[in-house]
Amino acid sequence: MLSLISSMWHSTESMIAEYINLNVTLWLLMPLLITFLLPLVIVLLLYITALILYVYRLHRHRLRNAYGTDWRNASRNVVAAVWDAHGWIWHGYEVVGLENIPKDESVLFIYYHGAIPIDLYYFISKVFLFNSKLIHTVADRFLFKFPGWSIISDVLKVIPGTIQTCSSILKDGNMLAISPGGVYEAQFGDAYYQLMWKKRLGFAKVALDAKVSIVPMFTKNVREAFRTVTWGRRLWLRLYAATRYPFVPIYGGFPVKLKTYVGKPIPYDEDLTPEQLQTKIATALYDLIKEHQKIPGSILRALLERFDYRDTMSSESKTDTSKTKRE
């Protein structure tokens, strides 16, 4: 009898020890799970987008009767609603300055590229849902090699983007979004929000050729939502220079407050050269960053802003900006 009790006690003790060890292990691994696995949620959401689009394509006849429109437009509404809901729930996403977007004319949006341009997805969705206008976007060529991307690019009008194709899109009366920094800015930018455009002038040439207004836009805390690792920078730079692929690991997915600020439109000026226009746009975008983003960015502060600490932090940002101007 005593041996049976002793055996049961040892078994129970062993189970308790295993349970404690499992919980301690999970607790220790939790930061790693949160920071490196959450970006996979965005990848998953992109493939859910592709799935939704495939469903609409396969059942377009039935859906056309239901919505009274073509399957592409019907699917865009659903996809936009999914992304808009995700932005509202996870980031409390807002847009300030929608009235700055010129109506009934072509517009070229120029934006700062976060580690993952999650803000652009939200912005495009909101504009489409509330203004019924689809913003065409320029994406890096490596994306078009991924399975499922072809239907996303077809329905949501994502293009690799040459000067000729971008100019043609704008001349047809559409809206287009370009990030001059592109993947380079996404991979090697940091919490100081420096523009990393190098000598890229393609977007300026597009605007001048299409004779359109340019609207700068910036999303506060976009670098706090997702970040790239800072170690091994030389290695990542060499890999990027050799392949043009984004190898730098990304971590994050933090539910920080995201707010997109749409700046005043910069009208077409035929007297400007591409270099002069590039400088003018960079200055306008940098002014948005200085006005609305406290430098360097802080994940903790951005999380607090998510829970209604926005006014306090905004006033601090303006105070710091005024000090910088006086200095």
# chains A, B, ... in the order shown; residues from 1 in each chain; ligands from 1

$ residues_around --residues "A:Leu143" --least-positions-apart "5" --cutoff "12 Å" --atoms "only C-alpha atoms" --output "number ranges by chain"
A: 43, 46, 138, 148-150, 152-153, 158-160, 183, 244-246

$ select_by_dssp --residues "stretch 64-153 of chain A" --states "strand (DSSP E)" --output "PyMOL selection string"
chain A and resi 94-96+107-111+135-138

$ atom_distance --atom1 "atom CA of A:Pro147" --atom2 "atom CA of A:Asn77"
22.6 Å

$ select_by_dssp --residues "stretch 86-155 of chain A" --states "alpha helix (DSSP H)" --output "short mmCIF file (atom, residue, chain, number, x, y, z; two decimals) with N, CA, C and O atoms, in the first residue's frame"
data_model
loop_
_atom_site.label_atom_id
_atom_site.label_comp_id
_atom_site.auth_asym_id
_atom_site.auth_seq_id
_atom_site.Cartn_x
_atom_site.Cartn_y
_atom_site.Cartn_z
N HIS A 86 -9.01 45.10 -39.77
CA HIS A 86 -7.77 44.72 -39.10
C HIS A 86 -7.05 45.96 -38.58
O HIS A 86 -6.55 45.98 -37.45
N GLY A 87 -6.99 47.01 -39.39
CA GLY A 87 -6.32 48.25 -38.97
C GLY A 87 -7.00 48.90 -37.79
O GLY A 87 -6.34 49.39 -36.86
N TRP A 88 -8.32 48.89 -37.80
CA TRP A 88 -9.09 49.51 -36.73
C TRP A 88 -8.94 48.75 -35.42
O TRP A 88 -8.76 49.33 -34.35
N ILE A 89 -9.00 47.41 -35.50
CA ILE A 89 -8.95 46.58 -34.29
C ILE A 89 -7.54 46.54 -33.70
O ILE A 89 -7.35 46.72 -32.50
N TRP A 90 -6.53 46.31 -34.56
CA TRP A 90 -5.18 46.05 -34.06
C TRP A 90 -4.38 47.33 -33.81
O TRP A 90 -3.56 47.38 -32.90
N HIS A 91 -4.60 48.35 -34.64
CA HIS A 91 -3.78 49.56 -34.53
C HIS A 91 -4.58 50.83 -34.26
O HIS A 91 -3.98 51.91 -34.18
N ILE A 118 2.45 48.18 -43.85
CA ILE A 118 1.11 47.85 -43.39
C ILE A 118 0.19 49.05 -43.46
O ILE A 118 -1.01 48.93 -43.75
N ASP A 119 0.75 50.24 -43.25
CA ASP A 119 -0.05 51.46 -43.28
C ASP A 119 -0.61 51.74 -44.67
O ASP A 119 -1.71 52.26 -44.82
N LEU A 120 0.16 51.38 -45.69
CA LEU A 120 -0.31 51.60 -47.06
C LEU A 120 -1.51 50.71 -47.36
O LEU A 120 -2.46 51.14 -48.01
N TYR A 121 -1.49 49.47 -46.87
CA TYR A 121 -2.63 48.57 -47.07
C TYR A 121 -3.89 49.16 -46.43
O TYR A 121 -4.97 49.14 -47.04
N TYR A 122 -3.73 49.68 -45.22
CA TYR A 122 -4.87 50.28 -44.53
C TYR A 122 -5.36 51.53 -45.26
O TYR A 122 -6.58 51.75 -45.39
N PHE A 123 -4.42 52.36 -45.69
CA PHE A 123 -4.78 53.61 -46.35
C PHE A 123 -5.52 53.34 -47.66
O PHE A 123 -6.56 53.96 -47.94
N ILE A 124 -5.01 52.43 -48.46
CA ILE A 124 -5.66 52.09 -49.73
C ILE A 124 -7.07 51.57 -49.48
O ILE A 124 -8.02 51.92 -50.19
N SER A 125 -7.21 50.73 -48.46
CA SER A 125 -8.52 50.16 -48.14
C SER A 125 -9.51 51.24 -47.74
O SER A 125 -10.66 51.25 -48.18
N LYS A 126 -9.05 52.17 -46.89
CA LYS A 126 -9.95 53.23 -46.42
C LYS A 126 -10.38 54.15 -47.55
O LYS A 126 -11.56 54.53 -47.65
N VAL A 127 -9.43 54.53 -48.40
CA VAL A 127 -9.77 55.40 -49.54
C VAL A 127 -10.75 54.70 -50.47
O VAL A 127 -11.71 55.32 -50.96
N PHE A 128 -10.53 53.41 -50.70
CA PHE A 128 -11.42 52.68 -51.61
C PHE A 128 -12.82 52.56 -51.01
O PHE A 128 -13.83 52.73 -51.71
N LEU A 129 -12.91 52.28 -49.72
CA LEU A 129 -14.21 52.08 -49.09
C LEU A 129 -15.01 53.38 -49.01
O LEU A 129 -16.23 53.38 -49.20
N PHE A 130 -14.33 54.48 -48.71
CA PHE A 130 -15.04 55.73 -48.47
C PHE A 130 -15.08 56.66 -49.67
O PHE A 130 -15.95 57.53 -49.76
N ASN A 131 -14.14 56.51 -50.60
CA ASN A 131 -14.12 57.36 -51.79
C ASN A 131 -14.35 56.59 -53.09
O ASN A 131 -14.39 57.20 -54.16
N TRP A 149 0.71 35.94 -55.81
CA TRP A 149 0.83 37.39 -55.95
C TRP A 149 0.21 37.88 -57.26
O TRP A 149 -0.22 39.02 -57.34
N SER A 150 0.17 37.04 -58.27
CA SER A 150 -0.32 37.48 -59.58
C SER A 150 -1.77 37.96 -59.51
O SER A 150 -2.12 38.98 -60.10
N ILE A 151 -2.61 37.25 -58.75
CA ILE A 151 -4.01 37.67 -58.67
C ILE A 151 -4.15 38.93 -57.82
O ILE A 151 -5.00 39.78 -58.09
N ILE A 152 -3.30 39.08 -56.80
CA ILE A 152 -3.33 40.30 -56.00
C ILE A 152 -2.94 41.50 -56.86
O ILE A 152 -3.60 42.54 -56.83
N SER A 153 -1.88 41.35 -57.64
CA SER A 153 -1.43 42.45 -58.49
C SER A 153 -2.45 42.78 -59.57
O SER A 153 -2.63 43.94 -59.94
N ASP A 154 -3.15 41.76 -60.06
CA ASP A 154 -4.13 41.97 -61.12
C ASP A 154 -5.35 42.72 -60.59
O ASP A 154 -5.79 43.73 -61.17
N VAL A 155 -5.90 42.28 -59.48
CA VAL A 155 -7.14 42.86 -58.96
C VAL A 155 -6.90 44.17 -58.24
O VAL A 155 -7.68 45.13 -58.38
#

$ closest_atom_pairs --of "stretch 81-121 of chain A" --to "stretch 219-235 of chain A" --cutoff "10 Å" --atoms "only C-alpha atoms" --output "JSON lines"
{"residue": "A:His91", "atom": "CA", "partner": "A:Ala225", "partner_atom": "CA", "distance": 8.7}
{"residue": "A:Tyr93", "atom": "CA", "partner": "A:Thr219", "partner_atom": "CA", "distance": 9.6}
{"residue": "A:Glu94", "atom": "CA", "partner": "A:Thr219", "partner_atom": "CA", "distance": 9.4}
{"residue": "A:Val95", "atom": "CA", "partner": "A:Thr219", "partner_atom": "CA", "distance": 8.6}
{"residue": "A:Val96", "atom": "CA", "partner": "A:Thr219", "partner_atom": "CA", "distance": 9.8}
{"residue": "A:Tyr111", "atom": "CA", "partner": "A:Thr219", "partner_atom": "CA", "distance": 8.3}
{"residue": "A:Tyr112", "atom": "CA", "partner": "A:Thr219", "partner_atom": "CA", "distance": 7.7}
{"residue": "A:His113", "atom": "CA", "partner": "A:Val222", "partner_atom": "CA", "distance": 8.5}
{"residue": "A:Gly114", "atom": "CA", "partner": "A:Arg223", "partner_atom": "CA", "distance": 5.6}
{"residue": "A:Ala115", "atom": "CA", "partner": "A:Arg227", "partner_atom": "CA", "distance": 5.6}
{"residue": "A:Ile116", "atom": "CA", "partner": "A:Phe226", "partner_atom": "CA", "distance": 6.4}
{"residue": "A:Pro117", "atom": "CA", "partner": "A:Val222", "partner_atom": "CA", "distance": 7.9}
{"residue": "A:Ile118", "atom": "CA", "partner": "A:Val222", "partner_atom": "CA", "distance": 7.8}
{"residue": "A:Asp119", "atom": "CA", "partner": "A:Thr219", "partner_atom": "CA", "distance": 6.6}
{"residue": "A:Leu120", "atom": "CA", "partner": "A:Thr219", "partner_atom": "CA", "distance": 8.7}

$ residues_around --residues "A:Ser168" --least-positions-apart "4" --cutoff "10 Å" --atoms "only C-alpha atoms" --output "compact mmCIF listing (two decimals) with N, CA, C and O atoms, in the first residue's frame"
# COMPACT_ATOMS: atom_id res chain seq x y z
N THR A 162 7.62 50.96 -64.21
CA THR A 162 8.59 51.73 -64.96
C THR A 162 8.07 53.16 -65.07
O THR A 162 6.90 53.42 -64.76
N ILE A 163 8.92 54.07 -65.51
CA ILE A 163 8.47 55.46 -65.66
C ILE A 163 7.32 55.54 -66.65
O ILE A 163 6.34 56.26 -66.43
N GLN A 164 7.40 54.75 -67.72
CA GLN A 164 6.37 54.80 -68.75
C GLN A 164 5.03 54.27 -68.25
O GLN A 164 3.99 54.89 -68.46
N ASP A 172 -4.19 58.30 -67.35
CA ASP A 172 -5.53 57.72 -67.53
C ASP A 172 -6.50 58.16 -66.43
O ASP A 172 -7.63 57.68 -66.37
N GLY A 173 -6.03 59.04 -65.54
CA GLY A 173 -6.91 59.58 -64.50
C GLY A 173 -6.92 58.81 -63.21
O GLY A 173 -7.82 59.00 -62.39
N ASN A 174 -5.92 57.96 -62.99
CA ASN A 174 -5.88 57.14 -61.78
C ASN A 174 -5.01 57.77 -60.70
O ASN A 174 -4.29 58.73 -60.94
N VAL A 206 8.16 60.79 -63.35
CA VAL A 206 6.77 60.35 -63.59
C VAL A 206 5.81 61.50 -63.39
O VAL A 206 4.93 61.76 -64.21
N ASP A 209 6.19 64.13 -66.14
CA ASP A 209 5.69 63.64 -67.44
C ASP A 209 4.17 63.59 -67.46
O ASP A 209 3.54 63.94 -68.46
N ALA A 210 3.56 63.14 -66.35
CA ALA A 210 2.11 63.03 -66.29
C ALA A 210 1.43 64.34 -65.92
O ALA A 210 0.21 64.47 -66.03

$ closest_residue --among "A:Ile214, A:Met196, A:Ile299, A:Ala207" --to "A:Thr273" --atoms "only C-alpha atoms"
A:Ala207

$ atom_distance --atom1 "atom CA of A:Leu304" --atom2 "atom CA of A:Thr260"
17.3 Å

$ atom_distance --atom1 "atom CA of A:Leu272" --atom2 "atom CA of A:Lys290"
24.9 Å

$ closest_residue --among "A:Val107, A:Phe142, A:Val79, A:Phe247" --to "A:Tyr47" --atoms "only C-alpha atoms"
A:Val79

$ decode --residues "stretch 194-311 of chain A" --atoms "C-alpha atoms" --output "PDB file, in the first residue's frame"
ATOM      1  CA  GLN A 194      15.513  59.187 -42.186  1.00  0.00           C
ATOM      2  CA  LEU A 195      14.514  59.190 -45.857  1.00  0.00           C
ATOM      3  CA  MET A 196      16.727  56.748 -47.762  1.00  0.00           C
ATOM      4  CA  TRP A 197      16.066  57.701 -51.375  1.00  0.00           C
ATOM      5  CA  LYS A 198      19.664  57.859 -52.601  1.00  0.00           C
ATOM      6  CA  LYS A 199      19.591  59.528 -56.043  1.00  0.00           C
ATOM      7  CA  ARG A 200      16.309  58.041 -57.210  1.00  0.00           C
ATOM      8  CA  LEU A 201      14.497  60.417 -59.540  1.00  0.00           C
ATOM      9  CA  GLY A 202      12.070  58.096 -61.305  1.00  0.00           C
ATOM     10  CA  PHE A 203       9.039  59.199 -59.286  1.00  0.00           C
ATOM     11  CA  ALA A 204       9.821  62.873 -60.006  1.00  0.00           C
ATOM     12  CA  LYS A 205      10.130  62.144 -63.722  1.00  0.00           C
ATOM     13  CA  VAL A 206       6.771  60.349 -63.593  1.00  0.00           C
ATOM     14  CA  ALA A 207       5.069  63.336 -61.945  1.00  0.00           C
ATOM     15  CA  LEU A 208       6.532  65.788 -64.442  1.00  0.00           C
ATOM     16  CA  ASP A 209       5.693  63.645 -67.439  1.00  0.00           C
ATOM     17  CA  ALA A 210       2.105  63.026 -66.290  1.00  0.00           C
ATOM     18  CA  LYS A 211       1.722  66.647 -65.096  1.00  0.00           C
ATOM     19  CA  VAL A 212       0.030  65.666 -61.838  1.00  0.00           C
ATOM     20  CA  SER A 213      -0.079  66.899 -58.259  1.00  0.00           C
ATOM     21  CA  ILE A 214       1.976  65.076 -55.643  1.00  0.00           C
ATOM     22  CA  VAL A 215       0.599  64.333 -52.190  1.00  0.00           C
ATOM     23  CA  PRO A 216       3.123  63.395 -49.458  1.00  0.00           C
ATOM     24  CA  MET A 217       1.904  61.078 -46.705  1.00  0.00           C
ATOM     25  CA  PHE A 218       3.430  59.676 -43.553  1.00  0.00           C
ATOM     26  CA  THR A 219       2.199  57.227 -40.935  1.00  0.00           C
ATOM     27  CA  LYS A 220       3.130  57.892 -37.332  1.00  0.00           C
ATOM     28  CA  ASN A 221       4.720  54.890 -35.533  1.00  0.00           C
ATOM     29  CA  VAL A 222       4.971  52.738 -38.652  1.00  0.00           C
ATOM     30  CA  ARG A 223       8.531  51.810 -37.586  1.00  0.00           C
ATOM     31  CA  GLU A 224       7.267  50.779 -34.173  1.00  0.00           C
ATOM     32  CA  ALA A 225       4.735  48.343 -35.623  1.00  0.00           C
ATOM     33  CA  PHE A 226       7.463  46.358 -37.392  1.00  0.00           C
ATOM     34  CA  ARG A 227      11.219  46.677 -37.189  1.00  0.00           C
ATOM     35  CA  THR A 228      14.271  45.107 -38.774  1.00  0.00           C
ATOM     36  CA  VAL A 229      17.141  43.731 -36.711  1.00  0.00           C
ATOM     37  CA  THR A 230      20.156  46.012 -36.321  1.00  0.00           C
ATOM     38  CA  TRP A 231      22.867  43.372 -35.952  1.00  0.00           C
ATOM     39  CA  GLY A 232      24.804  42.150 -38.997  1.00  0.00           C
ATOM     40  CA  ARG A 233      24.096  45.300 -41.003  1.00  0.00           C
ATOM     41  CA  ARG A 234      27.164  44.930 -43.236  1.00  0.00           C
ATOM     42  CA  LEU A 235      26.189  41.374 -44.129  1.00  0.00           C
ATOM     43  CA  TRP A 236      22.607  42.361 -44.981  1.00  0.00           C
ATOM     44  CA  LEU A 237      23.829  45.303 -47.067  1.00  0.00           C
ATOM     45  CA  ARG A 238      26.123  43.029 -49.069  1.00  0.00           C
ATOM     46  CA  LEU A 239      23.350  40.488 -49.612  1.00  0.00           C
ATOM     47  CA  TYR A 240      20.937  43.196 -50.711  1.00  0.00           C
ATOM     48  CA  ALA A 241      23.488  44.784 -53.072  1.00  0.00           C
ATOM     49  CA  ALA A 242      24.178  41.398 -54.667  1.00  0.00           C
ATOM     50  CA  THR A 243      20.604  40.111 -54.965  1.00  0.00           C
ATOM     51  CA  ARG A 244      18.189  43.025 -54.425  1.00  0.00           C
ATOM     52  CA  TYR A 245      16.252  40.711 -52.094  1.00  0.00           C
ATOM     53  CA  PRO A 246      15.189  41.670 -48.545  1.00  0.00           C
ATOM     54  CA  PHE A 247      17.125  39.311 -46.261  1.00  0.00           C
ATOM     55  CA  VAL A 248      17.080  41.393 -43.075  1.00  0.00           C
ATOM     56  CA  PRO A 249      14.871  39.633 -40.469  1.00  0.00           C
ATOM     57  CA  ILE A 250      11.741  41.539 -39.462  1.00  0.00           C
ATOM     58  CA  TYR A 251      10.138  41.399 -36.048  1.00  0.00           C
ATOM     59  CA  GLY A 252       7.141  43.051 -34.478  1.00  0.00           C
ATOM     60  CA  GLY A 253       3.458  43.151 -35.232  1.00  0.00           C
ATOM     61  CA  PHE A 254       2.984  45.244 -32.097  1.00  0.00           C
ATOM     62  CA  PRO A 255      -0.494  46.811 -31.675  1.00  0.00           C
ATOM     63  CA  VAL A 256       0.860  50.359 -31.693  1.00  0.00           C
ATOM     64  CA  LYS A 257      -1.162  53.400 -32.661  1.00  0.00           C
ATOM     65  CA  LEU A 258      -0.953  54.104 -36.400  1.00  0.00           C
ATOM     66  CA  LYS A 259      -2.131  57.398 -37.827  1.00  0.00           C
ATOM     67  CA  THR A 260      -1.564  58.452 -41.434  1.00  0.00           C
ATOM     68  CA  TYR A 261      -1.127  62.149 -42.144  1.00  0.00           C
ATOM     69  CA  VAL A 262      -1.918  63.282 -45.678  1.00  0.00           C
ATOM     70  CA  GLY A 263      -0.002  66.439 -46.555  1.00  0.00           C
ATOM     71  CA  LYS A 264      -0.943  69.370 -48.757  1.00  0.00           C
ATOM     72  CA  PRO A 265      -0.726  68.610 -52.481  1.00  0.00           C
ATOM     73  CA  ILE A 266       2.307  69.868 -54.382  1.00  0.00           C
ATOM     74  CA  PRO A 267       0.996  71.163 -57.736  1.00  0.00           C
ATOM     75  CA  TYR A 268       2.653  70.452 -61.060  1.00  0.00           C
ATOM     76  CA  ASP A 269       5.331  72.987 -61.977  1.00  0.00           C
ATOM     77  CA  GLU A 270       6.818  72.718 -65.442  1.00  0.00           C
ATOM     78  CA  ASP A 271       9.794  74.874 -64.457  1.00  0.00           C
ATOM     79  CA  LEU A 272      11.111  72.312 -61.963  1.00  0.00           C
ATOM     80  CA  THR A 273      13.759  69.766 -62.902  1.00  0.00           C
ATOM     81  CA  PRO A 274      13.469  66.181 -61.558  1.00  0.00           C
ATOM     82  CA  GLU A 275      16.233  66.955 -59.048  1.00  0.00           C
ATOM     83  CA  GLN A 276      14.482  70.074 -57.807  1.00  0.00           C
ATOM     84  CA  LEU A 277      11.144  68.266 -57.543  1.00  0.00           C
ATOM     85  CA  GLN A 278      12.764  65.416 -55.616  1.00  0.00           C
ATOM     86  CA  THR A 279      14.154  67.904 -53.107  1.00  0.00           C
ATOM     87  CA  LYS A 280      10.794  69.649 -52.778  1.00  0.00           C
ATOM     88  CA  ILE A 281       8.934  66.393 -52.140  1.00  0.00           C
ATOM     89  CA  ALA A 282      11.549  65.126 -49.686  1.00  0.00           C
ATOM     90  CA  THR A 283      11.297  68.392 -47.735  1.00  0.00           C
ATOM     91  CA  ALA A 284       7.487  68.148 -47.584  1.00  0.00           C
ATOM     92  CA  LEU A 285       7.610  64.547 -46.392  1.00  0.00           C
ATOM     93  CA  TYR A 286      10.343  65.234 -43.872  1.00  0.00           C
ATOM     94  CA  ASP A 287       8.273  68.129 -42.505  1.00  0.00           C
ATOM     95  CA  LEU A 288       5.397  65.690 -41.877  1.00  0.00           C
ATOM     96  CA  ILE A 289       7.773  63.368 -40.046  1.00  0.00           C
ATOM     97  CA  LYS A 290       9.177  66.169 -37.883  1.00  0.00           C
ATOM     98  CA  GLU A 291       5.717  67.470 -37.027  1.00  0.00           C
ATOM     99  CA  HIS A 292       4.030  64.194 -36.142  1.00  0.00           C
ATOM    100  CA  GLN A 293       6.740  61.701 -35.143  1.00  0.00           C
ATOM    101  CA  LYS A 294       8.725  61.913 -31.924  1.00  0.00           C
ATOM    102  CA  ILE A 295      12.329  60.956 -32.756  1.00  0.00           C
ATOM    103  CA  PRO A 296      13.627  58.385 -32.049  1.00  0.00           C
ATOM    104  CA  GLY A 297      10.539  56.234 -32.216  1.00  0.00           C
ATOM    105  CA  SER A 298       9.675  54.165 -29.153  1.00  0.00           C
ATOM    106  CA  ILE A 299       7.632  50.969 -29.170  1.00  0.00           C
ATOM    107  CA  LEU A 300       6.503  51.524 -25.566  1.00  0.00           C
ATOM    108  CA  ARG A 301       5.396  55.089 -26.260  1.00  0.00           C
ATOM    109  CA  ALA A 302       3.598  53.992 -29.421  1.00  0.00           C
ATOM    110  CA  LEU A 303       1.776  51.301 -27.432  1.00  0.00           C
ATOM    111  CA  LEU A 304       0.686  53.883 -24.863  1.00  0.00           C
ATOM    112  CA  GLU A 305      -0.624  56.076 -27.683  1.00  0.00           C
ATOM    113  CA  ARG A 306      -2.727  53.123 -28.767  1.00  0.00           C
ATOM    114  CA  PHE A 307      -4.522  53.417 -25.451  1.00  0.00           C
ATOM    115  CA  ASP A 308      -5.437  57.109 -25.694  1.00  0.00           C
ATOM    116  CA  TYR A 309      -2.192  58.766 -24.643  1.00  0.00           C
ATOM    117  CA  ARG A 310      -2.116  60.458 -28.035  1.00  0.00           C
ATOM    118  CA  ASP A 311      -2.741  64.040 -26.962  1.00  0.00           C
TER     119      ASP A 311
END
